[in-house]
Amino acid sequence: MNIPAKDDVIKKVGDLKVLPFVARKLLETISNDKLSISDLNDIIEKDQTITARVLKISNSALYGLRHEVTSLQQAIMILGFKTIRSLVLSISTKSLYKKFGITEQMMWDHSIGAAIAAKLISADIGRELGDIAFTGGLMHDLGKVIMNNETPEAFAEVMMNMYNEGINSITAEEEIYGYNHTEIGSKVIAKWGLSGVLVEILEKHHLNNCSLDDIKDPVIAKGLSCVHLADNICRALGIGYKEPDETLLLHELPSAVFLNMNEAALAKLAEEIRETYNREKSIFQ
C-alpha cells in the first residue's frame, strides 16, 4: 500500500486552492483590521449556498437571537465579524470531501455533532469561547477527512481495524500511516493561517500526552476541554458512530474534571446535545 509522507500531504492540502473561493478570500482578510461590514458581505454573498447556510445557522437555536435574521448584512452586524468568518470557514470544510458515501456522512455527522456540543458546553464558560469551540468542534477531525481523501483504501483499513479490533483512531492510523489525523489537521490549518488556538485544539483534542492543567493560556485550555468533551459526548451518544459507546464514563474524562462537571450535569448536558443535534443538524447538510 502506497502511503504518502506526512509532509507531502500537508504541503498539498495546505495550498489554499483546495478551499472554495469565498473561504480563500476570507482567510486573506483575517489580519485586515480595516475590513467593513459591506466588504465582508460582498465577499460572502458571491456564494449563494454559503450565504443561505449562514442565514439558516444564524437563525437556529444555537445563537438564540430574539428576532429573525433576514439578510447577510444583518447577520454580520448582530453576530460580528469573527462569528461569521468562523461559520463560513466551518461550512466550507464540507467541500473538502472528494466523495460522500457512508464513511464520509458519518464523519460529517460527527463533526456537526461535536460543533453543536462544543458550543453548548462553552455557553457557561465564557462568551469568547463560543466561536472557538464551535469551529474547533466542526474541524477537529479535519485530518481524517484529508487522509480519507488522499488515501481512501488505507483509511478504509483504519476504519475496519477500529471497529473490528476495538482500537482508537490514533493507534489505528499510526499502525498504517506512521502518523495520525491530529498531526495532519493541525499543520494544514496552520498553513491556512488560522488562529494558534485552533491549531492547538486540532493538535491536542485527544489529550494524548497533554494535561489541561499544564496549558498556560486559559482560552486554549478551555477551548480544548470543550472540544475534547464534545467529541466524547458524541461518541457516547453514537453521533457519527455505528452505535453509542455505553461504556464511556464521561465524568471521569480529564476535560469533564477540568470543567468541574459531575455525572448529573453531564447526563443533562448530553441530553440537551442530543436534542439540539437532532433538531438542528439539517441546517448543515
# chains A, B, ... in the order shown; residues from 1 in each chain; ligands from 1
$ residues_around --residues "A:Ser60" --least-positions-apart "5" --cutoff "10 Å" --atoms "only C-alpha atoms" --output "PyMOL selection string"
chain A and resi 54-55+65+68-69+276+279-280+283
$ write_last_selection --atoms "N, CA and C atoms" --output "CSV table (one decimal), in the first residue's frame"
chain,number,residue,atom,x,y,z
A,54,VAL,N,-25.4,30.3,6.2
A,54,VAL,CA,-25.0,31.2,7.2
A,54,VAL,C,-26.3,31.8,7.8
A,55,LEU,N,-27.3,32.1,7.0
A,55,LEU,CA,-28.6,32.7,7.5
A,55,LEU,C,-29.3,31.6,8.3
A,65,LEU,N,-31.2,34.1,18.9
A,65,LEU,CA,-31.5,35.5,18.6
A,65,LEU,C,-33.0,35.8,18.8
A,68,GLU,N,-35.7,37.3,13.9
A,68,GLU,CA,-35.2,36.6,12.7
A,68,GLU,C,-34.2,37.5,11.9
A,69,VAL,N,-33.1,36.8,11.5
A,69,VAL,CA,-32.1,37.5,10.7
A,69,VAL,C,-32.5,37.2,9.2
A,276,THR,N,-30.6,19.0,20.6
A,276,THR,CA,-30.2,20.1,19.8
A,276,THR,C,-29.7,19.6,18.4
A,279,ARG,N,-32.5,18.3,16.2
A,279,ARG,CA,-33.3,19.5,15.8
A,279,ARG,C,-32.6,20.3,14.7
A,280,GLU,N,-31.2,20.5,14.9
A,280,GLU,CA,-30.5,21.5,14.1
A,280,GLU,C,-29.6,20.9,13.0
A,283,ILE,N,-29.6,21.9,9.1
A,283,ILE,CA,-29.1,23.2,8.5
A,283,ILE,C,-27.7,23.1,8.0
$ residues_around --residues "A:Asp124" --least-positions-apart "4" --cutoff "12 Å" --atoms "only C-alpha atoms" --output "PDB file with all heavy atoms, in the first residue's frame"
ATOM      1  N   ALA A 118     -19.805  21.337  21.446  1.00  0.00           N
ATOM      2  CA  ALA A 118     -18.771  22.238  21.980  1.00  0.00           C
ATOM      3  C   ALA A 118     -19.331  23.631  22.229  1.00  0.00           C
ATOM      4  O   ALA A 118     -18.991  24.279  23.225  1.00  0.00           O
ATOM      5  CB  ALA A 118     -17.587  22.300  21.015  1.00  0.00           C
ATOM      6  N   LYS A 119     -20.211  24.085  21.343  1.00  0.00           N
ATOM      7  CA  LYS A 119     -20.816  25.412  21.543  1.00  0.00           C
ATOM      8  C   LYS A 119     -21.707  25.424  22.784  1.00  0.00           C
ATOM      9  O   LYS A 119     -21.682  26.379  23.566  1.00  0.00           O
ATOM     10  CB  LYS A 119     -21.609  25.840  20.306  1.00  0.00           C
ATOM     11  CG  LYS A 119     -22.170  27.251  20.433  1.00  0.00           C
ATOM     12  CD  LYS A 119     -22.574  27.834  19.117  1.00  0.00           C
ATOM     13  CE  LYS A 119     -23.093  29.251  19.293  1.00  0.00           C
ATOM     14  NZ  LYS A 119     -22.091  30.162  19.872  1.00  0.00           N
ATOM     15  N   LEU A 120     -22.486  24.362  22.974  1.00  0.00           N
ATOM     16  CA  LEU A 120     -23.354  24.285  24.156  1.00  0.00           C
ATOM     17  C   LEU A 120     -22.525  24.191  25.437  1.00  0.00           C
ATOM     18  O   LEU A 120     -22.855  24.807  26.453  1.00  0.00           O
ATOM     19  CB  LEU A 120     -24.292  23.083  24.048  1.00  0.00           C
ATOM     20  CG  LEU A 120     -25.376  23.177  22.964  1.00  0.00           C
ATOM     21  CD1 LEU A 120     -26.152  21.873  22.873  1.00  0.00           C
ATOM     22  CD2 LEU A 120     -26.332  24.342  23.247  1.00  0.00           C
ATOM     23  N   GLU A 128     -16.224  34.485  24.917  1.00  0.00           N
ATOM     24  CA  GLU A 128     -15.152  34.485  23.911  1.00  0.00           C
ATOM     25  C   GLU A 128     -14.858  33.086  23.378  1.00  0.00           C
ATOM     26  O   GLU A 128     -14.201  32.929  22.354  1.00  0.00           O
ATOM     27  CB  GLU A 128     -13.866  35.097  24.485  1.00  0.00           C
ATOM     28  CG  GLU A 128     -13.036  34.190  25.381  1.00  0.00           C
ATOM     29  CD  GLU A 128     -13.574  34.023  26.805  1.00  0.00           C
ATOM     30  OE1 GLU A 128     -14.622  34.610  27.106  1.00  0.00           O
ATOM     31  OE2 GLU A 128     -12.940  33.318  27.595  1.00  0.00           O
ATOM     32  N   LEU A 129     -15.373  32.063  24.063  1.00  0.00           N
ATOM     33  CA  LEU A 129     -15.078  30.692  23.653  1.00  0.00           C
ATOM     34  C   LEU A 129     -16.054  30.150  22.612  1.00  0.00           C
ATOM     35  O   LEU A 129     -15.774  29.139  21.969  1.00  0.00           O
ATOM     36  CB  LEU A 129     -15.116  29.769  24.865  1.00  0.00           C
ATOM     37  CG  LEU A 129     -13.922  29.820  25.810  1.00  0.00           C
ATOM     38  CD1 LEU A 129     -14.200  28.986  27.031  1.00  0.00           C
ATOM     39  CD2 LEU A 129     -12.667  29.332  25.107  1.00  0.00           C
ATOM     40  N   GLY A 130     -17.197  30.793  22.431  1.00  0.00           N
ATOM     41  CA  GLY A 130     -18.250  30.250  21.566  1.00  0.00           C
ATOM     42  C   GLY A 130     -17.787  29.920  20.166  1.00  0.00           C
ATOM     43  O   GLY A 130     -17.988  28.799  19.666  1.00  0.00           O
ATOM     44  N   LYS A 222      -9.462  26.032  27.951  1.00  0.00           N
ATOM     45  CA  LYS A 222     -10.928  25.905  27.991  1.00  0.00           C
ATOM     46  C   LYS A 222     -11.483  25.459  26.645  1.00  0.00           C
ATOM     47  O   LYS A 222     -12.388  24.621  26.584  1.00  0.00           O
ATOM     48  CB  LYS A 222     -11.546  27.237  28.410  1.00  0.00           C
ATOM     49  CG  LYS A 222     -11.289  27.603  29.863  1.00  0.00           C
ATOM     50  CD  LYS A 222     -11.848  28.980  30.185  1.00  0.00           C
ATOM     51  CE  LYS A 222     -11.540  29.392  31.613  1.00  0.00           C
ATOM     52  NZ  LYS A 222     -12.019  30.768  31.903  1.00  0.00           N
ATOM     53  N   CYS A 226     -13.504  21.964  25.937  1.00  0.00           N
ATOM     54  CA  CYS A 226     -14.842  21.938  25.324  1.00  0.00           C
ATOM     55  C   CYS A 226     -14.886  20.948  24.167  1.00  0.00           C
ATOM     56  O   CYS A 226     -15.825  20.150  24.048  1.00  0.00           O
ATOM     57  CB  CYS A 226     -15.228  23.323  24.812  1.00  0.00           C
ATOM     58  SG  CYS A 226     -15.623  24.531  26.089  1.00  0.00           S
ATOM     59  N   LEU A 259     -13.423  20.999  33.752  1.00  0.00           N
ATOM     60  CA  LEU A 259     -14.565  21.915  33.708  1.00  0.00           C
ATOM     61  C   LEU A 259     -15.481  21.761  34.923  1.00  0.00           C
ATOM     62  O   LEU A 259     -16.509  22.424  35.012  1.00  0.00           O
ATOM     63  CB  LEU A 259     -15.366  21.685  32.420  1.00  0.00           C
ATOM     64  CG  LEU A 259     -14.632  22.022  31.109  1.00  0.00           C
ATOM     65  CD1 LEU A 259     -15.470  21.591  29.906  1.00  0.00           C
ATOM     66  CD2 LEU A 259     -14.314  23.514  31.038  1.00  0.00           C
ATOM     67  N   ASN A 260     -15.085  20.866  35.841  1.00  0.00           N
ATOM     68  CA  ASN A 260     -15.822  20.666  37.091  1.00  0.00           C
ATOM     69  C   ASN A 260     -17.278  20.249  36.836  1.00  0.00           C
ATOM     70  O   ASN A 260     -18.212  20.781  37.435  1.00  0.00           O
ATOM     71  CB  ASN A 260     -15.782  21.949  37.945  1.00  0.00           C
ATOM     72  CG  ASN A 260     -16.147  21.689  39.385  1.00  0.00           C
ATOM     73  OD1 ASN A 260     -15.938  20.588  39.911  1.00  0.00           O
ATOM     74  ND2 ASN A 260     -16.727  22.679  40.042  1.00  0.00           N
ATOM     75  N   MET A 261     -17.460  19.262  35.955  1.00  0.00           N
ATOM     76  CA  MET A 261     -18.802  18.782  35.620  1.00  0.00           C
ATOM     77  C   MET A 261     -19.004  17.395  36.203  1.00  0.00           C
ATOM     78  O   MET A 261     -18.238  16.468  35.910  1.00  0.00           O
ATOM     79  CB  MET A 261     -19.000  18.777  34.107  1.00  0.00           C
ATOM     80  CG  MET A 261     -18.839  20.154  33.470  1.00  0.00           C
ATOM     81  SD  MET A 261     -19.394  20.200  31.754  1.00  0.00           S
ATOM     82  CE  MET A 261     -21.157  20.116  31.971  1.00  0.00           C
ATOM     83  N   LEU A 269     -26.503  17.550  30.202  1.00  0.00           N
ATOM     84  CA  LEU A 269     -25.855  18.170  29.051  1.00  0.00           C
ATOM     85  C   LEU A 269     -25.941  17.261  27.830  1.00  0.00           C
ATOM     86  O   LEU A 269     -26.246  17.719  26.719  1.00  0.00           O
ATOM     87  CB  LEU A 269     -24.395  18.475  29.378  1.00  0.00           C
ATOM     88  CG  LEU A 269     -23.521  19.030  28.239  1.00  0.00           C
ATOM     89  CD1 LEU A 269     -24.037  20.374  27.767  1.00  0.00           C
ATOM     90  CD2 LEU A 269     -22.070  19.149  28.700  1.00  0.00           C
TER      91      LEU A 269
END
$ atom_distance --atom1 "atom CA of A:His228" --atom2 "atom CA of A:Asp109"
16.4 Å
$ atom_distance --atom1 "atom CA of A:Phe134" --atom2 "atom CA of A:Ile91"
11.3 Å
$ select_by_dssp --residues "stretch 101-210 of chain A" --states "alpha helix (DSSP H)" --output "NGL selection string"
:A and (102-122 or 129-139 or 142-150 or 152-165 or 169-176 or 181-192 or 196-204)
$ closest_residue --among "A:Asp47, A:Glu246, A:Asp231, A:Asp131" --to "A:Ser86" --atoms "only C-alpha atoms"
A:Asp131
$ closest_residue --among "A:Gly193, A:Pro4, A:Pro152, A:Gly14" --to "A:Glu28" --atoms "only C-alpha atoms"
A:Gly193
$ closest_residue --among "A:Ile10, A:Ile57, A:Leu229, A:Leu212" --to "A:Thr182" --atoms "only C-alpha atoms"
A:Ile10
$ closest_residue --among "A:Thr83, A:Ser225, A:Asn161, A:Gln48" --to "A:Ala117" --atoms "only C-alpha atoms"
A:Ser225
